[in-house]
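Student: I am attaching a structure below and will ask some questions about it afterwards.
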2 protein chains.
Amino acid sequence: LAFAWLNGRLVDADLPHLRLDDRGLLLADGLFETMRAEAGVVPWLAAHLARLRTGADVLGLPVPPALDDPADLLAELLRANRLERAAVRLTLTRGPGPRGLAAPEPPMPTILVTVAPLPAAPPPARVAIAAGTCRNERSPLSRIKSLAYLDQILAWREARAGGADDALLLNTAGRLACATAATLFVVDGDRLLTPPLAEGALPGTTRARILALAATLGVEAAEEPLPPAILASCGEAFLANALVLLRPARSIAGLERDLRAPGPIGTTLAAALAQGE
Amino acid sequence: LAFAWLNGRLVDADLPHLRLDDRGLLLADGLFETMRAEAGVVPWLAAHLARLRTGADVLGLPVPPALDDPADLLAELLRANRLERAAVRLTLTRGPGPRGLAAPEPPMPTILVTVAPLPAAPPPARVAIAAGTCRNERSPLSRIKSLAYLDQILAWREARAGGADDALLLNTAGRLACATAATLFVVDGDRLLTPPLAEGALPGTTRARILALAATLGVEAAEEPLPPAILASCGEAFLANALVLLRPARSIAGLERDLRAPGPIGTTLAAALAQGE
């Protein structure tokens, strides 16, 4: 039996519990966080909650008191599912409402937390630049983790159909923004680079950790707009998110070159990230 | 008691029926259509289904056989709800699946149809151009009716907070794309203009009807990129969708002018649209 946490109680995760008029379903009107649990706790919970609150501010979505300090509910849910290491997903929607765009009054947000076994570390990735869609860095949605995830799904499907493992998305200016569910980092010379938030990058929790770790490890790191041509010359590239932490890229579709995967900076950072879990 | 149609059967619309792992909820991985029923039938059903199929092709989403000819199920649902005139929403999602972006295999799409009393015709609209977000005409999502509706919600909330009724969205090039849930038309001189699909306009069913009606009514109509400045000089502007049909705009926030609402072309078209229902 698998359990989920829904609006204050543990429920059987395989039974239908969601209302048909939930705005999360009907209009992608909500947010989520994907978190990594180790030893039954989420070590970077505070960073995830801070990002969730930023997103809720953008959407004008009240954050229910249950999310003031959800450590206990997460621990309870993990215990109920007999999981120590887990992928934890927290979803917050504007909840049920009438048809149309107006927010339901009073707001009755839906909180859903699900857990799954932590996936095995994937092998280094073959990545492709998505041609079929792009990241809209001019929308505030590019800087919050909203339920509107469909451009990333399109990019992912295109990459997989072309034989790659994951896609990089360009922004509307044609510069690199992110991967489908991860921050892009490249090593150019001995500098570690990642796109600034203004370029369409999500303020990833692991992105922030890597930028902070780089400083302590003596790696020069910067947020800089990245033209796709940098993939033809960079020494390393990797994808970072809270679940996988750091996944090296080993090839870029269309470029006849293999990257060191992992390279020295990726290896150093991956070890430092793992120590923080 | 209100009924919905979910995956082949009528269900109590006020009870929870949806699985927690539905991709429509988790990732906005799906499509919808909003349709107008008159006298217990949806007169423009074929056009809505054609658009749904186009969207399903973009998403790589199989369309279940139940949608080959859903007229009977719509009639049954309307009867069950004792509605003759109704707003009908058909939602198609990729259905339940495991975590991550990979599509569930085999696909088990969710089909949900809900109905609500047809809203009363709204008064002419005060519209505002959304400054906080924009339409990404570079994504194919701008040309299908996907569940990823959150940019429109942001624009709508901004407009309402500023005292307007609805928002117009610009595309990434700064030209007019659409309203939050309607096609924008303006009358410039004696020409009826609307943004081309390439500008980020959804191929609206009522948009197509209006363009076809204009030809029969002797109104010169064209799809042309529209700079926002055209709102300072146009004679009429109106918003069109399947539910409201045609809603005149009476003012544009920031411009000290009132539009004729309705003006002569809007009046002629609204009458012709109503006859087709």
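Every chain in the structure tokens has a letter given in the order shown (A, B, ...), and although residue numbers restart at 1 in each chain, ligands are simply numbered from 1 in the order shown.
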Give me the residues near Ser139 (chain B) as a PDB file with all heavy atoms, in the first residue's frame, where near means some atom within 8 Å (using only C-alpha atoms) and where sequence neighbours in that chain fewer than 6 positions away do not count.
Tutor:
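Output file part-v9.pdb follows:
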```pdb
ATOM      1  N   GLY A 132      11.840  22.524 -31.220  1.00  0.00           N
ATOM      2  CA  GLY A 132      10.402  22.671 -31.396  1.00  0.00           C
ATOM      3  C   GLY A 132       9.731  23.654 -30.470  1.00  0.00           C
ATOM      4  O   GLY A 132       8.606  24.071 -30.714  1.00  0.00           O
ATOM      5  N   THR A 133      10.398  24.007 -29.380  1.00  0.00           N
ATOM      6  CA  THR A 133       9.803  24.977 -28.480  1.00  0.00           C
ATOM      7  C   THR A 133      10.914  25.730 -27.764  1.00  0.00           C
ATOM      8  O   THR A 133      12.097  25.441 -27.967  1.00  0.00           O
ATOM      9  CB  THR A 133       8.844  24.316 -27.472  1.00  0.00           C
ATOM     10  OG1 THR A 133       8.092  25.347 -26.811  1.00  0.00           O
ATOM     11  CG2 THR A 133       9.587  23.474 -26.445  1.00  0.00           C
ATOM     12  N   CYS A 134      10.564  26.699 -26.980  1.00  0.00           N
ATOM     13  CA  CYS A 134      11.577  27.443 -26.245  1.00  0.00           C
ATOM     14  C   CYS A 134      11.021  27.921 -24.924  1.00  0.00           C
ATOM     15  O   CYS A 134       9.809  27.875 -24.672  1.00  0.00           O
ATOM     16  CB  CYS A 134      12.108  28.625 -27.069  1.00  0.00           C
ATOM     17  SG  CYS A 134      10.936  29.961 -27.249  1.00  0.00           S
ATOM     18  N   ASP A 151       5.898  22.832 -21.994  1.00  0.00           N
ATOM     19  CA  ASP A 151       7.010  23.098 -22.918  1.00  0.00           C
ATOM     20  C   ASP A 151       8.182  22.154 -22.637  1.00  0.00           C
ATOM     21  O   ASP A 151       8.830  21.664 -23.568  1.00  0.00           O
ATOM     22  CB  ASP A 151       7.474  24.561 -22.795  1.00  0.00           C
ATOM     23  CG  ASP A 151       6.672  25.501 -23.682  1.00  0.00           C
ATOM     24  OD1 ASP A 151       6.449  25.176 -24.866  1.00  0.00           O
ATOM     25  OD2 ASP A 151       6.279  26.576 -23.197  1.00  0.00           O
TER      26      ASP A 151
END
```
Student: Looking only at the backbone, which of the residues in region 48-266 of chain A does DSSP tag as strand (DSSP E or B), as a ChimeraX atom specification?
Tutor: /A:86-93,96,110-117,125-129,135,146,166-171,176-179,183-188,191-194,220-223,236-241,245-252,258
Student: Write out as an MDAnalysis selection string the residues lying within 12 Å of Asp72 (chain B), counting only C-alpha atoms and excluding same-chain residues fewer than 4 positions away.
Tutor: chainID B and resid 5 8 40:42 45 66:68 76:79
Student: To test your reading of the structure, identify every residue in region 1-72 of chain B that backbone DSSP assigns to alpha helix (DSSP H), and report it as a PyMOL selection string.
Tutor: chain B and resi 23-27+45-59+71-72
Student: Take the residues that were just selected and, keeping all heavy atoms, output them as a short mmCIF file (atom, residue, chain, number, x, y, z; two decimals), in the first residue's frame.
Tutor:
```cif
data_model
loop_
_atom_site.label_atom_id
_atom_site.label_comp_id
_atom_site.auth_asym_id
_atom_site.auth_seq_id
_atom_site.Cartn_x
_atom_site.Cartn_y
_atom_site.Cartn_z
N ARG B 23 -1.35 13.10 -14.98
CA ARG B 23 -0.39 14.05 -15.54
C ARG B 23 -1.02 15.41 -15.85
O ARG B 23 -0.29 16.41 -15.95
CB ARG B 23 0.20 13.49 -16.83
CG ARG B 23 0.84 12.11 -16.66
CD ARG B 23 2.30 12.16 -16.78
NE ARG B 23 2.73 12.78 -18.00
CZ ARG B 23 3.99 12.70 -18.45
NH1 ARG B 23 4.89 12.01 -17.77
NH2 ARG B 23 4.34 13.30 -19.56
N GLY B 24 -2.32 15.42 -16.03
CA GLY B 24 -2.98 16.71 -16.22
C GLY B 24 -2.78 17.59 -15.00
O GLY B 24 -2.49 18.79 -15.11
N LEU B 25 -2.90 17.00 -13.84
CA LEU B 25 -2.69 17.75 -12.59
C LEU B 25 -1.21 18.04 -12.37
O LEU B 25 -0.84 19.16 -12.00
CB LEU B 25 -3.20 16.92 -11.41
CG LEU B 25 -2.80 17.48 -10.04
CD1 LEU B 25 -3.62 18.72 -9.71
CD2 LEU B 25 -2.95 16.43 -8.95
N LEU B 26 -0.36 17.07 -12.59
CA LEU B 26 1.03 17.19 -12.14
C LEU B 26 1.88 18.03 -13.08
O LEU B 26 2.84 18.67 -12.64
CB LEU B 26 1.65 15.79 -11.99
CG LEU B 26 0.94 14.88 -10.97
CD1 LEU B 26 1.61 13.52 -10.93
CD2 LEU B 26 0.93 15.51 -9.58
N LEU B 27 1.53 18.01 -14.38
CA LEU B 27 2.42 18.62 -15.37
C LEU B 27 1.67 19.39 -16.46
O LEU B 27 2.26 19.75 -17.48
CB LEU B 27 3.28 17.53 -16.05
CG LEU B 27 4.23 16.75 -15.14
CD1 LEU B 27 4.73 15.50 -15.86
CD2 LEU B 27 5.40 17.62 -14.69
N LEU B 45 -19.32 21.41 -32.54
CA LEU B 45 -18.54 20.32 -31.98
C LEU B 45 -17.41 19.86 -32.90
O LEU B 45 -16.29 19.62 -32.45
CB LEU B 45 -19.49 19.15 -31.66
CG LEU B 45 -18.86 17.89 -31.08
CD1 LEU B 45 -18.12 18.20 -29.79
CD2 LEU B 45 -19.95 16.84 -30.83
N ALA B 46 -17.70 19.74 -34.18
CA ALA B 46 -16.68 19.22 -35.10
C ALA B 46 -15.43 20.09 -35.11
O ALA B 46 -14.30 19.59 -35.14
CB ALA B 46 -17.27 19.09 -36.51
N ALA B 47 -15.65 21.40 -35.06
CA ALA B 47 -14.49 22.32 -35.06
C ALA B 47 -13.68 22.16 -33.77
O ALA B 47 -12.44 22.19 -33.79
CB ALA B 47 -14.97 23.76 -35.23
N HIS B 48 -14.37 22.00 -32.66
CA HIS B 48 -13.64 21.80 -31.39
C HIS B 48 -12.85 20.49 -31.41
O HIS B 48 -11.70 20.43 -30.97
CB HIS B 48 -14.63 21.82 -30.22
CG HIS B 48 -15.18 23.17 -29.91
ND1 HIS B 48 -14.44 24.15 -29.30
CD2 HIS B 48 -16.39 23.72 -30.14
CE1 HIS B 48 -15.19 25.24 -29.15
NE2 HIS B 48 -16.38 25.01 -29.66
N LEU B 49 -13.47 19.44 -31.94
CA LEU B 49 -12.78 18.15 -31.97
C LEU B 49 -11.57 18.19 -32.90
O LEU B 49 -10.54 17.58 -32.62
CB LEU B 49 -13.74 17.05 -32.40
CG LEU B 49 -14.83 16.71 -31.38
CD1 LEU B 49 -15.81 15.72 -31.98
CD2 LEU B 49 -14.21 16.14 -30.10
N ALA B 50 -11.71 18.93 -33.99
CA ALA B 50 -10.58 19.03 -34.91
C ALA B 50 -9.40 19.74 -34.22
O ALA B 50 -8.25 19.32 -34.36
CB ALA B 50 -11.01 19.80 -36.17
N ARG B 51 -9.72 20.78 -33.48
CA ARG B 51 -8.63 21.48 -32.77
C ARG B 51 -8.03 20.58 -31.70
O ARG B 51 -6.81 20.55 -31.50
CB ARG B 51 -9.12 22.78 -32.15
CG ARG B 51 -7.97 23.52 -31.48
CD ARG B 51 -8.37 24.91 -31.06
NE ARG B 51 -9.46 24.90 -30.09
CZ ARG B 51 -10.04 25.99 -29.60
NH1 ARG B 51 -9.62 27.18 -30.00
NH2 ARG B 51 -11.01 25.90 -28.73
N LEU B 52 -8.88 19.84 -31.01
CA LEU B 52 -8.36 18.91 -29.99
C LEU B 52 -7.40 17.90 -30.62
O LEU B 52 -6.33 17.61 -30.06
CB LEU B 52 -9.53 18.20 -29.32
CG LEU B 52 -9.17 17.35 -28.10
CD1 LEU B 52 -8.96 18.23 -26.88
CD2 LEU B 52 -10.28 16.32 -27.81
N ARG B 53 -7.75 17.40 -31.77
CA ARG B 53 -6.87 16.42 -32.43
C ARG B 53 -5.55 17.04 -32.85
O ARG B 53 -4.50 16.41 -32.76
CB ARG B 53 -7.57 15.81 -33.65
CG ARG B 53 -8.60 14.81 -33.26
CD ARG B 53 -9.25 14.08 -34.43
NE ARG B 53 -10.31 13.26 -33.88
CZ ARG B 53 -10.12 12.07 -33.31
NH1 ARG B 53 -8.91 11.54 -33.29
NH2 ARG B 53 -11.12 11.41 -32.79
N THR B 54 -5.60 18.26 -33.33
CA THR B 54 -4.35 18.95 -33.67
C THR B 54 -3.47 19.07 -32.43
O THR B 54 -2.26 18.82 -32.48
CB THR B 54 -4.66 20.35 -34.24
OG1 THR B 54 -5.48 20.18 -35.40
CG2 THR B 54 -3.39 21.08 -34.62
N GLY B 55 -4.08 19.45 -31.33
CA GLY B 55 -3.32 19.56 -30.09
C GLY B 55 -2.76 18.22 -29.65
O GLY B 55 -1.62 18.13 -29.20
N ALA B 56 -3.56 17.19 -29.78
CA ALA B 56 -3.11 15.85 -29.38
C ALA B 56 -1.93 15.41 -30.23
O ALA B 56 -0.99 14.76 -29.74
CB ALA B 56 -4.27 14.86 -29.50
N ASP B 57 -1.94 15.77 -31.51
CA ASP B 57 -0.79 15.46 -32.36
C ASP B 57 0.46 16.16 -31.86
O ASP B 57 1.55 15.58 -31.82
CB ASP B 57 -1.07 15.89 -33.82
CG ASP B 57 -2.02 14.93 -34.53
OD1 ASP B 57 -2.25 13.82 -34.02
OD2 ASP B 57 -2.53 15.31 -35.60
N VAL B 58 0.32 17.42 -31.47
CA VAL B 58 1.48 18.17 -30.98
C VAL B 58 2.04 17.52 -29.71
O VAL B 58 3.26 17.41 -29.54
CB VAL B 58 1.10 19.65 -30.71
CG1 VAL B 58 2.21 20.38 -29.97
CG2 VAL B 58 0.76 20.34 -32.03
N LEU B 59 1.15 17.07 -28.85
CA LEU B 59 1.59 16.48 -27.58
C LEU B 59 1.93 15.00 -27.70
O LEU B 59 2.45 14.41 -26.75
CB LEU B 59 0.51 16.66 -26.51
CG LEU B 59 0.05 18.07 -26.19
CD1 LEU B 59 -0.85 18.06 -24.95
CD2 LEU B 59 1.23 19.01 -25.96
N ALA B 71 -20.95 13.23 -29.57
CA ALA B 71 -22.22 13.97 -29.51
C ALA B 71 -23.20 13.30 -28.55
O ALA B 71 -23.89 13.98 -27.78
CB ALA B 71 -22.83 14.09 -30.91
N ASP B 72 -23.26 11.98 -28.58
CA ASP B 72 -24.21 11.28 -27.71
C ASP B 72 -23.85 11.45 -26.24
O ASP B 72 -24.73 11.66 -25.40
CB ASP B 72 -24.26 9.79 -28.06
CG ASP B 72 -24.99 9.54 -29.37
OD1 ASP B 72 -25.59 10.51 -29.90
OD2 ASP B 72 -24.93 8.41 -29.88
#
```
Student: Go through chain A residue by residue and, counting only C-alpha atoms, keep those with an atom at most 7 Å from chain B; for each kept residue give the shortest atom pair and its distance in Å to one decimal, ordered by chain and increasing number, as CSV.
Tutor:
```
residue,atom,partner,partner_atom,distance
A:Ala13,CA,B:Leu20,CA,6.8
A:Leu15,CA,B:Arg19,CA,6.3
A:Pro16,CA,B:Arg19,CA,4.1
A:His17,CA,B:Pro16,CA,4.9
A:Leu18,CA,B:Pro16,CA,4.8
A:Arg19,CA,B:Pro16,CA,4.1
A:Leu20,CA,B:Leu18,CA,6.4
A:Gly24,CA,B:Leu25,CA,5.4
A:Leu25,CA,B:Leu25,CA,4.0
A:Leu26,CA,B:Leu147,CA,6.2
A:Leu27,CA,B:Tyr149,CA,5.0
A:Ala28,CA,B:Ala148,CA,5.3
A:Asp29,CA,B:Leu150,CA,5.9
A:Leu59,CA,B:Leu154,CA,6.7
A:Leu101,CA,B:Ile153,CA,6.2
A:Thr133,CA,B:Ser139,CA,4.6
A:Cys134,CA,B:Ser139,CA,6.0
A:Asn136,CA,B:Asn136,CA,6.0
A:Arg138,CA,B:Thr133,CA,6.3
A:Ser139,CA,B:Thr133,CA,4.6
A:Pro140,CA,B:Thr133,CA,6.5
A:Leu147,CA,B:Leu27,CA,5.2
A:Ala148,CA,B:Ala148,CA,4.6
A:Tyr149,CA,B:Leu27,CA,5.0
A:Leu150,CA,B:Asp29,CA,5.9
A:Ile153,CA,B:Leu101,CA,6.2
A:Leu154,CA,B:Leu59,CA,6.7
```
Student: Between B:Thr183, B:Thr267, B:Ser251, B:Thr110, single out the one closest to Arg9 (chain B), counting only C-alpha atoms.
Tutor: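 Under the stated criterion, the closest residue is B:Thr110.
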Student: Pick the closest to Leu226 (chain A) from A:Arg191, A:Leu176, A:Arg209, A:Leu246: which is it, counting only C-alpha atoms?
Tutor: A:Leu176
Student: Quick one: residues within 12 Å of Leu255 (chain B), only C-alpha atoms, excluding same-chain residues fewer than 4 positions away - as JSON, numbers by chain?
Tutor: {"B": [126, 127, 128, 129, 228, 229, 230, 231, 232, 233, 234, 250, 251, 259]}
Student: Could you check which of B:Ala272, B:Leu245, B:Met35, B:Ala177 is closest to Thr216 (chain B), using only C-alpha atoms?
Tutor: B:Ala272
